Structure formats: structure tokens, C-alpha cells
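query.csv, holding CSV, N, CA and C atoms:
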chain,number,residue,atom,x,y,z
A,17,MET,N,130.6,-87.7,-126.5
A,17,MET,CA,131.6,-86.6,-126.6
A,17,MET,C,132.8,-86.9,-125.7
A,18,LEU,N,134.0,-86.7,-126.1
A,18,LEU,CA,135.2,-87.0,-125.3
A,18,LEU,C,135.4,-85.9,-124.4
A,19,ASN,N,135.9,-86.2,-123.2
A,19,ASN,CA,136.2,-85.3,-122.1
A,19,ASN,C,137.7,-85.1,-121.9
A,20,THR,N,138.2,-83.9,-122.1
A,20,THR,CA,139.6,-83.6,-121.9
A,20,THR,C,140.1,-84.1,-120.6
A,21,GLN,N,139.4,-83.9,-119.5
A,21,GLN,CA,139.8,-84.2,-118.1
A,21,GLN,C,140.1,-85.7,-118.0
A,22,ASP,N,139.3,-86.5,-118.8
A,22,ASP,CA,139.6,-88.0,-118.7
A,22,ASP,C,141.0,-88.3,-119.2
A,23,PHE,N,141.5,-87.5,-120.2
A,23,PHE,CA,142.8,-87.8,-120.7
A,23,PHE,C,143.9,-87.1,-119.9
A,24,LEU,N,143.6,-86.1,-119.1
A,24,LEU,CA,144.6,-85.4,-118.3
A,24,LEU,C,144.8,-86.2,-117.0
A,25,GLN,N,143.7,-86.9,-116.5
A,25,GLN,CA,143.8,-87.7,-115.3
A,25,GLN,C,144.7,-88.8,-115.4
A,26,ASN,N,145.8,-88.9,-114.6
A,26,ASN,CA,146.8,-89.9,-114.7
A,26,ASN,C,147.6,-89.9,-116.0
A,27,CYS,N,147.6,-88.8,-116.7
A,27,CYS,CA,148.3,-88.8,-118.0
A,27,CYS,C,149.8,-88.7,-117.7
A,28,PRO,N,150.6,-89.7,-118.2
A,28,PRO,CA,152.0,-89.6,-118.0
A,28,PRO,C,152.6,-88.5,-118.8
A,29,VAL,N,153.5,-87.7,-118.2
A,29,VAL,CA,154.2,-86.6,-118.9
A,29,VAL,C,155.7,-86.9,-118.7
A,30,GLU,N,156.4,-86.9,-119.7
A,30,GLU,CA,157.8,-87.2,-119.7
A,30,GLU,C,158.6,-85.9,-119.9
A,31,VAL,N,159.5,-85.5,-119.0
A,31,VAL,CA,160.4,-84.4,-119.2
A,31,VAL,C,161.7,-84.9,-119.8
A,32,TRP,N,162.0,-84.5,-121.0
A,32,TRP,CA,163.2,-84.9,-121.7
A,32,TRP,C,164.4,-84.4,-121.0
A,33,PRO,N,165.5,-85.2,-121.0
A,33,PRO,CA,166.8,-84.6,-120.5
A,33,PRO,C,167.4,-83.6,-121.4
A,34,GLY,N,168.2,-82.8,-120.9
A,34,GLY,CA,169.0,-81.8,-121.7
A,34,GLY,C,168.2,-80.6,-122.0
A,35,HIS,N,168.8,-79.6,-122.6
A,35,HIS,CA,168.2,-78.4,-123.0
A,35,HIS,C,168.1,-78.3,-124.5
A,36,TYR,N,167.1,-77.6,-125.0
A,36,TYR,CA,166.8,-77.5,-126.4
A,36,TYR,C,166.7,-76.1,-126.8
A,37,ALA,N,166.7,-75.8,-128.1
A,37,ALA,CA,166.6,-74.5,-128.7
A,37,ALA,C,165.6,-74.5,-129.8
A,38,VAL,N,164.9,-73.3,-130.0
A,38,VAL,CA,164.1,-73.1,-131.1
A,38,VAL,C,164.8,-72.1,-132.0
A,39,ALA,N,165.1,-72.4,-133.2
A,39,ALA,CA,165.9,-71.6,-134.0
A,39,ALA,C,165.3,-71.4,-135.4
A,40,LYS,N,165.6,-70.2,-136.0
A,40,LYS,CA,165.3,-69.9,-137.4
A,40,LYS,C,166.5,-70.3,-138.2
A,41,ALA,N,166.3,-71.1,-139.2
A,41,ALA,CA,167.4,-71.7,-139.9
A,41,ALA,C,167.5,-71.2,-141.3
A,42,LYS,N,168.8,-71.4,-141.9
A,42,LYS,CA,169.0,-71.2,-143.3
A,42,LYS,C,168.7,-72.4,-144.1
A,43,TYR,N,168.9,-73.6,-143.5
A,43,TYR,CA,168.6,-74.9,-144.2
A,43,TYR,C,168.4,-75.9,-143.1
A,44,VAL,N,168.1,-77.1,-143.5
A,44,VAL,CA,167.7,-78.2,-142.5
A,44,VAL,C,168.7,-79.3,-142.4
A,45,PRO,N,169.5,-79.3,-141.3
A,45,PRO,CA,170.4,-80.4,-141.1
A,45,PRO,C,169.6,-81.7,-140.7
A,46,ASP,N,170.3,-82.8,-140.8
A,46,ASP,CA,169.6,-84.1,-140.5
A,46,ASP,C,169.3,-84.4,-139.0
A,47,THR,N,169.9,-83.6,-138.1
A,47,THR,CA,169.8,-83.9,-136.7
A,47,THR,C,168.6,-83.2,-135.9
A,48,PHE,N,167.7,-82.6,-136.6
A,48,PHE,CA,166.7,-81.8,-136.0
A,48,PHE,C,165.6,-82.7,-135.4
A,49,ILE,N,165.0,-82.3,-134.3
A,49,ILE,CA,163.8,-83.0,-133.7
A,49,ILE,C,162.6,-82.7,-134.4
A,50,ALA,N,162.4,-81.4,-134.7
A,50,ALA,CA,161.2,-80.9,-135.4
A,50,ALA,C,161.6,-79.8,-136.4
A,51,VAL,N,160.9,-79.8,-137.5
A,51,VAL,CA,161.2,-78.8,-138.6
A,51,VAL,C,159.9,-78.3,-139.1
A,52,PHE,N,159.7,-77.0,-139.1
A,52,PHE,CA,158.5,-76.3,-139.7
A,52,PHE,C,159.0,-75.5,-140.8
A,53,ARG,N,158.6,-75.8,-142.0
A,53,ARG,CA,158.9,-75.0,-143.2
A,53,ARG,C,157.7,-74.2,-143.5
A,54,ASP,N,157.8,-72.9,-143.4
A,54,ASP,CA,156.7,-72.0,-143.7
A,54,ASP,C,157.3,-70.7,-144.3
A,55,ARG,N,156.6,-70.3,-145.4
A,55,ARG,CA,157.1,-69.1,-146.1
A,55,ARG,C,157.0,-68.0,-145.1
A,56,PRO,N,158.0,-67.2,-144.9
A,56,PRO,CA,159.3,-67.2,-145.5
A,56,PRO,C,160.4,-67.8,-144.6
A,57,GLU,N,160.1,-68.6,-143.6
A,57,GLU,CA,161.1,-69.1,-142.7
A,57,GLU,C,161.1,-70.6,-142.5
A,58,ILE,N,162.2,-71.1,-141.9
A,58,ILE,CA,162.3,-72.5,-141.5
A,58,ILE,C,162.6,-72.4,-140.0
A,59,THR,N,161.7,-73.1,-139.2
A,59,THR,CA,161.9,-73.1,-137.7
A,59,THR,C,162.2,-74.6,-137.3
A,60,VAL,N,163.2,-74.7,-136.4
A,60,VAL,CA,163.6,-76.1,-136.0
A,60,VAL,C,163.7,-76.1,-134.5
A,61,VAL,N,163.5,-77.4,-134.0
A,61,VAL,CA,163.8,-77.7,-132.6
A,61,VAL,C,164.9,-78.7,-132.6
A,62,THR,N,165.9,-78.4,-131.9
A,62,THR,CA,167.1,-79.2,-131.8
A,62,THR,C,167.8,-79.1,-130.5
A,63,LYS,N,168.7,-80.0,-130.2
A,63,LYS,CA,169.5,-79.9,-129.0
A,63,LYS,C,170.3,-78.6,-129.1
A,64,GLU,N,170.5,-77.9,-128.0
A,64,GLU,CA,171.3,-76.7,-128.0
A,64,GLU,C,172.7,-76.9,-128.5
A,65,LYS,N,173.3,-78.0,-128.2
A,65,LYS,CA,174.7,-78.2,-128.6
A,65,LYS,C,174.8,-78.4,-130.1
A,66,ALA,N,173.7,-78.6,-130.8
A,66,ALA,CA,173.7,-78.8,-132.3
A,66,ALA,C,173.7,-77.4,-133.0
A,67,LEU,N,173.4,-76.3,-132.2
A,67,LEU,CA,173.4,-75.0,-132.9
A,67,LEU,C,174.8,-74.6,-133.4
A,68,ASN,N,174.8,-74.0,-134.6
A,68,ASN,CA,176.0,-73.4,-135.0
A,68,ASN,C,175.7,-72.4,-136.1
A,69,ASP,N,176.7,-71.5,-136.3
A,69,ASP,CA,176.5,-70.4,-137.2
A,69,ASP,C,176.3,-70.7,-138.7
A,70,ASP,N,176.6,-72.0,-139.0
A,70,ASP,CA,176.4,-72.4,-140.4
A,70,ASP,C,175.0,-72.3,-140.8
A,71,TRP,N,174.1,-72.7,-139.9
A,71,TRP,CA,172.7,-72.7,-140.3
A,71,TRP,C,171.7,-71.9,-139.5
A,72,VAL,N,172.2,-71.4,-138.3
A,72,VAL,CA,171.3,-70.7,-137.4
A,72,VAL,C,171.3,-69.2,-137.8
A,73,LEU,N,170.1,-68.6,-137.9
A,73,LEU,CA,169.9,-67.2,-138.1
A,73,LEU,C,169.6,-66.5,-136.8
A,74,ALA,N,168.8,-67.2,-135.9
A,74,ALA,CA,168.4,-66.7,-134.6
A,74,ALA,C,168.0,-67.9,-133.8
A,75,ALA,N,168.2,-67.8,-132.5
A,75,ALA,CA,167.8,-69.0,-131.6
A,75,ALA,C,167.4,-68.5,-130.3
A,76,GLU,N,166.4,-69.2,-129.7
A,76,GLU,CA,165.9,-69.0,-128.4
A,76,GLU,C,166.2,-70.3,-127.6
A,77,ARG,N,167.1,-70.1,-126.6
A,77,ARG,CA,167.7,-71.3,-125.9
A,77,ARG,C,167.0,-71.6,-124.6
A,78,ASN,N,167.4,-72.7,-124.0
A,78,ASN,CA,167.1,-73.1,-122.6
A,78,ASN,C,165.7,-73.6,-122.5
A,79,TRP,N,165.2,-74.3,-123.5
A,79,TRP,CA,163.9,-74.9,-123.4
A,79,TRP,C,164.0,-76.4,-122.9
A,80,ARG,N,163.0,-76.9,-122.2
A,80,ARG,CA,162.9,-78.3,-121.9
A,80,ARG,C,161.6,-78.8,-122.6
A,81,ILE,N,161.7,-80.1,-123.0
A,81,ILE,CA,160.6,-80.7,-123.7
A,81,ILE,C,159.8,-81.6,-122.7
A,82,LEU,N,158.5,-81.4,-122.7
A,82,LEU,CA,157.6,-82.3,-121.9
A,82,LEU,C,156.7,-83.0,-123.0
A,83,SER,N,156.7,-84.3,-122.9
A,83,SER,CA,155.8,-85.1,-123.8
A,83,SER,C,154.7,-85.8,-123.1
A,84,PHE,N,153.5,-85.5,-123.6
A,84,PHE,CA,152.3,-86.2,-123.0
A,84,PHE,C,152.2,-87.6,-123.5
A,85,ARG,N,152.5,-88.6,-122.7
A,85,ARG,CA,152.6,-90.0,-123.1
A,85,ARG,C,151.2,-90.7,-123.1
A,86,VAL,N,150.3,-90.1,-123.9
A,86,VAL,CA,149.0,-90.7,-124.0
A,86,VAL,C,148.5,-90.5,-125.4
A,87,THR,N,147.9,-91.4,-126.0
A,87,THR,CA,147.4,-91.3,-127.4
A,87,THR,C,146.1,-90.5,-127.4
A,88,LEU,N,146.2,-89.3,-128.1
A,88,LEU,CA,145.0,-88.4,-128.1
A,88,LEU,C,144.2,-88.6,-129.4
A,89,PRO,N,143.0,-89.0,-129.3
A,89,PRO,CA,142.2,-89.2,-130.5
A,89,PRO,C,141.9,-87.9,-131.2
A,90,PHE,N,141.8,-87.9,-132.6
A,90,PHE,CA,141.6,-86.7,-133.3
A,90,PHE,C,140.3,-86.0,-132.9
A,91,GLU,N,139.3,-86.8,-132.4
A,91,GLU,CA,138.0,-86.2,-132.0
A,91,GLU,C,138.1,-85.4,-130.7
A,92,LEU,N,139.2,-85.6,-130.0
A,92,LEU,CA,139.3,-84.9,-128.7
A,92,LEU,C,139.5,-83.4,-128.9
A,93,VAL,N,138.7,-82.6,-128.3
A,93,VAL,CA,138.7,-81.1,-128.5
A,93,VAL,C,139.2,-80.5,-127.2
A,94,GLY,N,140.2,-79.6,-127.3
A,94,GLY,CA,140.6,-78.8,-126.2
A,94,GLY,C,141.7,-79.3,-125.3
A,95,PHE,N,142.3,-80.4,-125.5
A,95,PHE,CA,143.3,-80.9,-124.6
A,95,PHE,C,144.4,-79.9,-124.4
A,96,LEU,N,145.0,-79.5,-125.5
A,96,LEU,CA,146.1,-78.5,-125.4
A,96,LEU,C,145.6,-77.2,-124.9
A,97,ALA,N,144.4,-76.8,-125.2
A,97,ALA,CA,143.8,-75.5,-124.8
A,97,ALA,C,143.7,-75.5,-123.3
A,98,VAL,N,143.3,-76.6,-122.6
A,98,VAL,CA,143.2,-76.7,-121.2
A,98,VAL,C,144.6,-76.5,-120.6
A,99,VAL,N,145.6,-77.2,-121.1
A,99,VAL,CA,146.9,-77.2,-120.5
A,99,VAL,C,147.5,-75.8,-120.7
A,100,ALA,N,147.3,-75.2,-121.9
A,100,ALA,CA,147.9,-73.9,-122.2
A,100,ALA,C,147.2,-72.8,-121.4
A,101,GLN,N,145.9,-72.9,-121.1
A,101,GLN,CA,145.2,-71.9,-120.3
A,101,GLN,C,145.8,-71.9,-118.9
A,102,VAL,N,146.0,-73.1,-118.2
A,102,VAL,CA,146.4,-73.0,-116.8
A,102,VAL,C,147.9,-72.6,-116.8
A,103,LEU,N,148.7,-72.9,-117.8
A,103,LEU,CA,150.1,-72.4,-117.8
A,103,LEU,C,150.1,-70.9,-118.0
A,104,ALA,N,149.2,-70.4,-118.9
A,104,ALA,CA,149.1,-69.0,-119.2
A,104,ALA,C,148.7,-68.2,-117.9
A,105,GLU,N,147.8,-68.8,-117.2
A,105,GLU,CA,147.4,-68.1,-115.9
A,105,GLU,C,148.5,-68.0,-115.0
A,106,ALA,N,149.5,-68.9,-115.1
A,106,ALA,CA,150.7,-68.8,-114.2
A,106,ALA,C,151.8,-68.0,-114.9
A,107,GLN,N,151.5,-67.4,-116.0
A,107,GLN,CA,152.5,-66.6,-116.8
A,107,GLN,C,153.7,-67.4,-117.3
A,108,ILE,N,153.4,-68.7,-117.7
A,108,ILE,CA,154.4,-69.6,-118.2
A,108,ILE,C,154.2,-69.7,-119.7
A,109,SER,N,155.2,-69.3,-120.5
A,109,SER,CA,155.2,-69.3,-121.9
A,109,SER,C,155.4,-70.7,-122.4
A,110,ILE,N,154.8,-71.1,-123.5
A,110,ILE,CA,154.9,-72.4,-124.0
A,110,ILE,C,155.2,-72.3,-125.5
A,111,PHE,N,155.9,-73.4,-126.0
A,111,PHE,CA,156.1,-73.6,-127.5
A,111,PHE,C,155.5,-75.0,-127.7
A,112,ALA,N,154.4,-75.1,-128.4
A,112,ALA,CA,153.7,-76.4,-128.5
A,112,ALA,C,154.0,-77.1,-129.8
A,113,LEU,N,154.2,-78.4,-129.7
A,113,LEU,CA,154.4,-79.2,-130.9
A,113,LEU,C,153.4,-80.3,-130.8
A,114,SER,N,152.7,-80.6,-131.9
A,114,SER,CA,151.8,-81.7,-132.0
A,114,SER,C,152.3,-82.7,-133.0
A,115,ALA,N,152.3,-83.9,-132.6
A,115,ALA,CA,152.6,-85.0,-133.5
A,115,ALA,C,151.3,-85.7,-133.9
A,116,TYR,N,151.4,-86.9,-134.5
A,116,TYR,CA,150.2,-87.6,-135.0
A,116,TYR,C,149.3,-87.9,-133.9
A,117,SER,N,149.8,-88.4,-132.8
A,117,SER,CA,148.9,-88.9,-131.8
A,117,SER,C,149.1,-88.3,-130.4
A,118,THR,N,150.0,-87.4,-130.2
A,118,THR,CA,150.2,-86.8,-128.9
A,118,THR,C,150.8,-85.4,-129.1
A,119,ASP,N,150.9,-84.7,-127.9
A,119,ASP,CA,151.4,-83.3,-127.9
A,119,ASP,C,152.7,-83.2,-127.1
A,120,ARG,N,153.5,-82.2,-127.4
A,120,ARG,CA,154.7,-81.9,-126.6
A,120,ARG,C,154.7,-80.4,-126.3
A,121,LEU,N,155.2,-80.0,-125.2
A,121,LEU,CA,155.4,-78.6,-124.9
A,121,LEU,C,156.8,-78.3,-124.6
A,122,LEU,N,157.3,-77.2,-125.1
A,122,LEU,CA,158.6,-76.7,-124.7
A,122,LEU,C,158.4,-75.6,-123.7
A,123,ILE,N,159.0,-75.8,-122.5
A,123,ILE,CA,158.9,-74.9,-121.4
A,123,ILE,C,160.3,-74.4,-121.0
A,124,LYS,N,160.4,-73.1,-120.7
A,124,LYS,CA,161.7,-72.6,-120.3
A,124,LYS,C,162.2,-73.2,-119.0
A,125,GLN,N,163.5,-73.5,-118.9
A,125,GLN,CA,164.0,-74.2,-117.7
A,125,GLN,C,163.6,-73.5,-116.4
A,126,GLY,N,163.6,-72.2,-116.4
A,126,GLY,CA,163.2,-71.4,-115.2
A,126,GLY,C,161.7,-71.6,-114.8
A,127,ASP,N,160.9,-72.0,-115.7
A,127,ASP,CA,159.5,-72.3,-115.4
A,127,ASP,C,159.1,-73.7,-115.2
A,128,LEU,N,160.1,-74.6,-115.4
A,128,LEU,CA,159.8,-76.1,-115.4
A,128,LEU,C,159.2,-76.6,-114.1
A,129,SER,N,159.8,-76.2,-113.0
A,129,SER,CA,159.2,-76.7,-111.7
A,129,SER,C,157.7,-76.3,-111.5
A,130,GLU,N,157.4,-75.0,-111.8
A,130,GLU,CA,156.0,-74.6,-111.7
A,130,GLU,C,155.1,-75.3,-112.7
A,131,ALA,N,155.6,-75.5,-113.9
A,131,ALA,CA,154.8,-76.1,-114.9
A,131,ALA,C,154.5,-77.6,-114.5
A,132,ILE,N,155.5,-78.3,-113.9
A,132,ILE,CA,155.3,-79.6,-113.5
A,132,ILE,C,154.3,-79.6,-112.3
A,133,ARG,N,154.4,-78.7,-111.4
A,133,ARG,CA,153.4,-78.6,-110.3
A,133,ARG,C,152.0,-78.4,-110.9
A,134,ILE,N,151.8,-77.6,-111.9
A,134,ILE,CA,150.5,-77.3,-112.5
A,134,ILE,C,150.0,-78.5,-113.2
A,135,LEU,N,150.9,-79.2,-114.0
A,135,LEU,CA,150.4,-80.4,-114.7
A,135,LEU,C,150.0,-81.5,-113.7
A,136,GLN,N,150.7,-81.6,-112.6
A,136,GLN,CA,150.3,-82.5,-111.5
A,136,GLN,C,149.0,-82.2,-110.9
A,137,SER,N,148.7,-80.9,-110.8
A,137,SER,CA,147.4,-80.4,-110.3
A,137,SER,C,146.3,-80.8,-111.2
A,138,LEU,N,146.6,-80.9,-112.5
A,138,LEU,CA,145.6,-81.4,-113.5
A,138,LEU,C,145.4,-82.9,-113.5
A,139,GLY,N,146.2,-83.6,-112.7
A,139,GLY,CA,146.1,-85.0,-112.6
A,139,GLY,C,147.2,-85.8,-113.4
A,140,CYS,N,148.1,-85.1,-114.0
A,140,CYS,CA,149.2,-85.7,-114.8
A,140,CYS,C,150.2,-86.3,-113.8
A,141,VAL,N,150.9,-87.3,-114.3
A,141,VAL,CA,152.0,-88.0,-113.5
A,141,VAL,C,153.2,-87.7,-114.3
A,142,VAL,N,154.0,-86.7,-113.7
A,142,VAL,CA,155.2,-86.2,-114.4
A,142,VAL,C,156.5,-86.9,-113.9
A,143,LYS,N,157.3,-87.3,-114.9
A,143,LYS,CA,158.6,-87.9,-114.5
A,143,LYS,C,159.7,-87.4,-115.4
A,144,GLU,N,160.8,-87.1,-114.8
A,144,GLU,CA,162.0,-86.7,-115.7
A,144,GLU,C,162.7,-88.0,-116.1
A,145,THR,N,163.1,-88.0,-117.3
A,145,THR,CA,163.9,-89.1,-117.9
A,145,THR,C,165.3,-88.8,-118.0
A,146,SER,N,166.1,-89.8,-118.1
A,146,SER,CA,167.6,-89.5,-118.3
A,146,SER,C,168.0,-90.1,-119.6
Can you present the structure in this file as C-alpha cells?
Amino acid sequence: MLNTQDFLQNCPVEVWPGHYAVAKAKYVPDTFIAVFRDRPEITVVTKEKALNDDWVLAAERNWRILSFRVTLPFELVGFLAVVAQVLAEAQISIFALSAYSTDRLLIKQGDLSEAIRILQSLGCVVKETS
């Protein structure tokens, strides 16, 4: 059985530069980072500066993206749950994105320092990129 703590220990976490937004869209431009199409809405993650009234219905701004730079096997159970739980205990809201082999979290700018401290307490090695 795989142990979540084994993956958290020394897990590199990369904080993306810039600020991002989560928006409900009318259609899907080519510049989006992530797109979720679900009846009855389209949700996108994009750089804040890409937001405009042509396609945005509503937006939540000032998010930072943290990428867990470790390949997570599909058999691993609870990786994101462990991270989400400790952040929830600190009253830090997250917007989670999962890709094929790893996870990303969007954290509000005002919570970033505390989130980094918490991830470091789990054993993660956090670095901001430029």
C-alpha cells in the first residue's frame, strides 16, 4: 500500500509567478490554463490580465498556483485530502486542479505565506519561480 507521507516528504512545490483568476465563461479562448466544461457552465483558469468582458460572466481574482512537482501514481490514495485537510484547519480556501500525474492548488495571495509554511511542515520543499 502506498503511503501519502512518502510522497509529501521532500515533495517539490513550485509557486507560479503572477496572479490568476477562476472565471465562469461564455466560450473558451485559446489562452486558458485549464478549462472545465460542465452543464450548465464553463469554468476556466487563466492569467488575470487575460480576463475581458467578451467572454467573462463572473471572476474570482488574486489566486496563486502551486504545483506539486512529483509524479503521483493512480494507486495513491489521499494525497490531496491530506494537503486539503491541513489547509482547511488553517482556514485556507483552495481551488484544486488535478492533471494526469500531479496536482495543483490555487491559493489566494493573502493566504500564500501561511500555505507555504504549512506545506513545508508536511515536508514539502517550496520555491517560487519567476
Quick one: residues within 8 Å of region 55-67 of chain A, only N, CA and C atoms counted, chain neighbours fewer than 6 positions away excluded, as a PyMOL selection string?
chain A and resi 34-44+47-49+77-79
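Taking CA of Lys143 (chain A) and atom C of Arg120 (chain A) as endpoints, the distance between them is 14.5 Å.
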Distance atom C of Leu88 (chain A)-atom C of Asp22 (chain A), one decimal place?
10.7 Å
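For the pair atom N of Val72 (chain A) and atom N of Pro45 (chain A), the separation is 8.9 Å.
Between Ala104 (chain A) and the candidates A:Leu73, A:Pro28, A:Glu130, A:Ser146, the tightest atom-to-atom separation, counting only C-alpha atoms, involves A:Glu130.
Proximity of A:Leu92, A:Ile123, A:Thr87, A:Cys27 to Ile108 (chain A), computed with all atoms listed in the file, is greatest for A:Ile123.
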As JSON, numbers by chain, which residues of chain A does DSSP assign to strand (DSSP E or B)?
{"A": [28, 29, 30, 31, 36, 37, 38, 39, 40, 41, 50, 51, 52, 53, 54, 57, 58, 59, 60, 61, 62, 63, 72, 73, 74, 75, 76, 77, 78, 79, 80, 81, 82, 83, 84, 110, 111, 112, 113, 114, 119, 120, 121, 122, 123, 124, 141, 142, 143, 144]}
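Residue nearest Thr20 (chain A) within the list A:Phe52, A:Val98, A:Thr145, A:Ser83: A:Val98 [criterion: smallest interatomic distance, all atoms listed in the file].
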Write out as a PyMOL selection string the set of residues from chain A that DSSP, computed on the backbone, places in helix (DSSP H, G or I).
chain A and resi 20-24+64-66+95-105+125-137
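With only C-alpha atoms as the atoms that count, the minimum distance from Leu96 (chain A) to the choices A:Asn68, A:Ser114, A:Ser129, A:Asn26 is reached by A:Ser114.
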Test item: residues at most 7 Å from Val142 (chain A), all atoms listed in the file, excluding those fewer than 4 positions along its chain, as a PyMOL selection string:
chain A and resi 27-31+132+135-136
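With distances restricted to all atoms listed in the file, A:Phe95 is the closest residue to Gln21 (chain A) from A:Arg133, A:Arg85, A:Phe95, A:Thr118.
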From the list A:Leu122, A:Val141, A:Ile134, A:Pro89, which residue is nearest Glu105 (chain A) when using only C-alpha atoms?
A:Ile134
Would you pull region 51-69 of chain A out of the block just shown and save N, CA and C atoms as a tab-separated table (two decimals), in the first residue's frame?
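To be explicit, this is the file written out as out_22.tsv:
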chain	number	residue	atom	x	y	z
A	51	VAL	N	-9.58	24.34	-18.43
A	51	VAL	CA	-10.97	24.56	-18.83
A	51	VAL	C	-11.79	23.38	-18.33
A	52	PHE	N	-12.90	23.67	-17.68
A	52	PHE	CA	-13.84	22.66	-17.21
A	52	PHE	C	-15.19	22.95	-17.85
A	53	ARG	N	-15.64	22.07	-18.68
A	53	ARG	CA	-16.95	22.23	-19.29
A	53	ARG	C	-17.90	21.28	-18.58
A	54	ASP	N	-18.89	21.85	-17.95
A	54	ASP	CA	-19.86	21.08	-17.19
A	54	ASP	C	-21.20	21.76	-17.36
A	55	ARG	N	-22.19	20.98	-17.68
A	55	ARG	CA	-23.50	21.59	-17.81
A	55	ARG	C	-23.87	22.21	-16.48
A	56	PRO	N	-24.28	23.39	-16.37
A	56	PRO	CA	-24.58	24.36	-17.42
A	56	PRO	C	-23.52	25.44	-17.56
A	57	GLU	N	-22.25	25.19	-17.10
A	57	GLU	CA	-21.28	26.28	-17.14
A	57	GLU	C	-19.92	25.84	-17.67
A	58	ILE	N	-19.12	26.82	-18.04
A	58	ILE	CA	-17.73	26.63	-18.41
A	58	ILE	C	-16.90	27.39	-17.37
A	59	THR	N	-15.97	26.70	-16.73
A	59	THR	CA	-15.07	27.32	-15.77
A	59	THR	C	-13.66	27.28	-16.33
A	60	VAL	N	-12.93	28.37	-16.20
A	60	VAL	CA	-11.57	28.43	-16.72
A	60	VAL	C	-10.62	28.98	-15.66
A	61	VAL	N	-9.35	28.62	-15.80
A	61	VAL	CA	-8.28	29.24	-15.03
A	61	VAL	C	-7.37	29.90	-16.04
A	62	THR	N	-7.10	31.18	-15.84
A	62	THR	CA	-6.30	31.94	-16.78
A	62	THR	C	-5.55	33.03	-16.03
A	63	LYS	N	-4.57	33.62	-16.68
A	63	LYS	CA	-3.91	34.78	-16.08
A	63	LYS	C	-4.93	35.90	-15.95
A	64	GLU	N	-4.86	36.64	-14.86
A	64	GLU	CA	-5.82	37.73	-14.64
A	64	GLU	C	-5.85	38.71	-15.79
A	65	LYS	N	-4.71	39.03	-16.34
A	65	LYS	CA	-4.66	40.03	-17.41
A	65	LYS	C	-5.38	39.57	-18.68
A	66	ALA	N	-5.70	38.28	-18.79
A	66	ALA	CA	-6.43	37.78	-19.95
A	66	ALA	C	-7.94	37.94	-19.81
A	67	LEU	N	-8.40	38.31	-18.61
A	67	LEU	CA	-9.85	38.48	-18.40
A	67	LEU	C	-10.36	39.67	-19.21
A	68	ASN	N	-11.53	39.49	-19.84
A	68	ASN	CA	-12.18	40.61	-20.50
A	68	ASN	C	-13.68	40.34	-20.60
A	69	ASP	N	-14.43	41.40	-20.82
A	69	ASP	CA	-15.89	41.30	-20.82
A	69	ASP	C	-16.45	40.53	-22.01
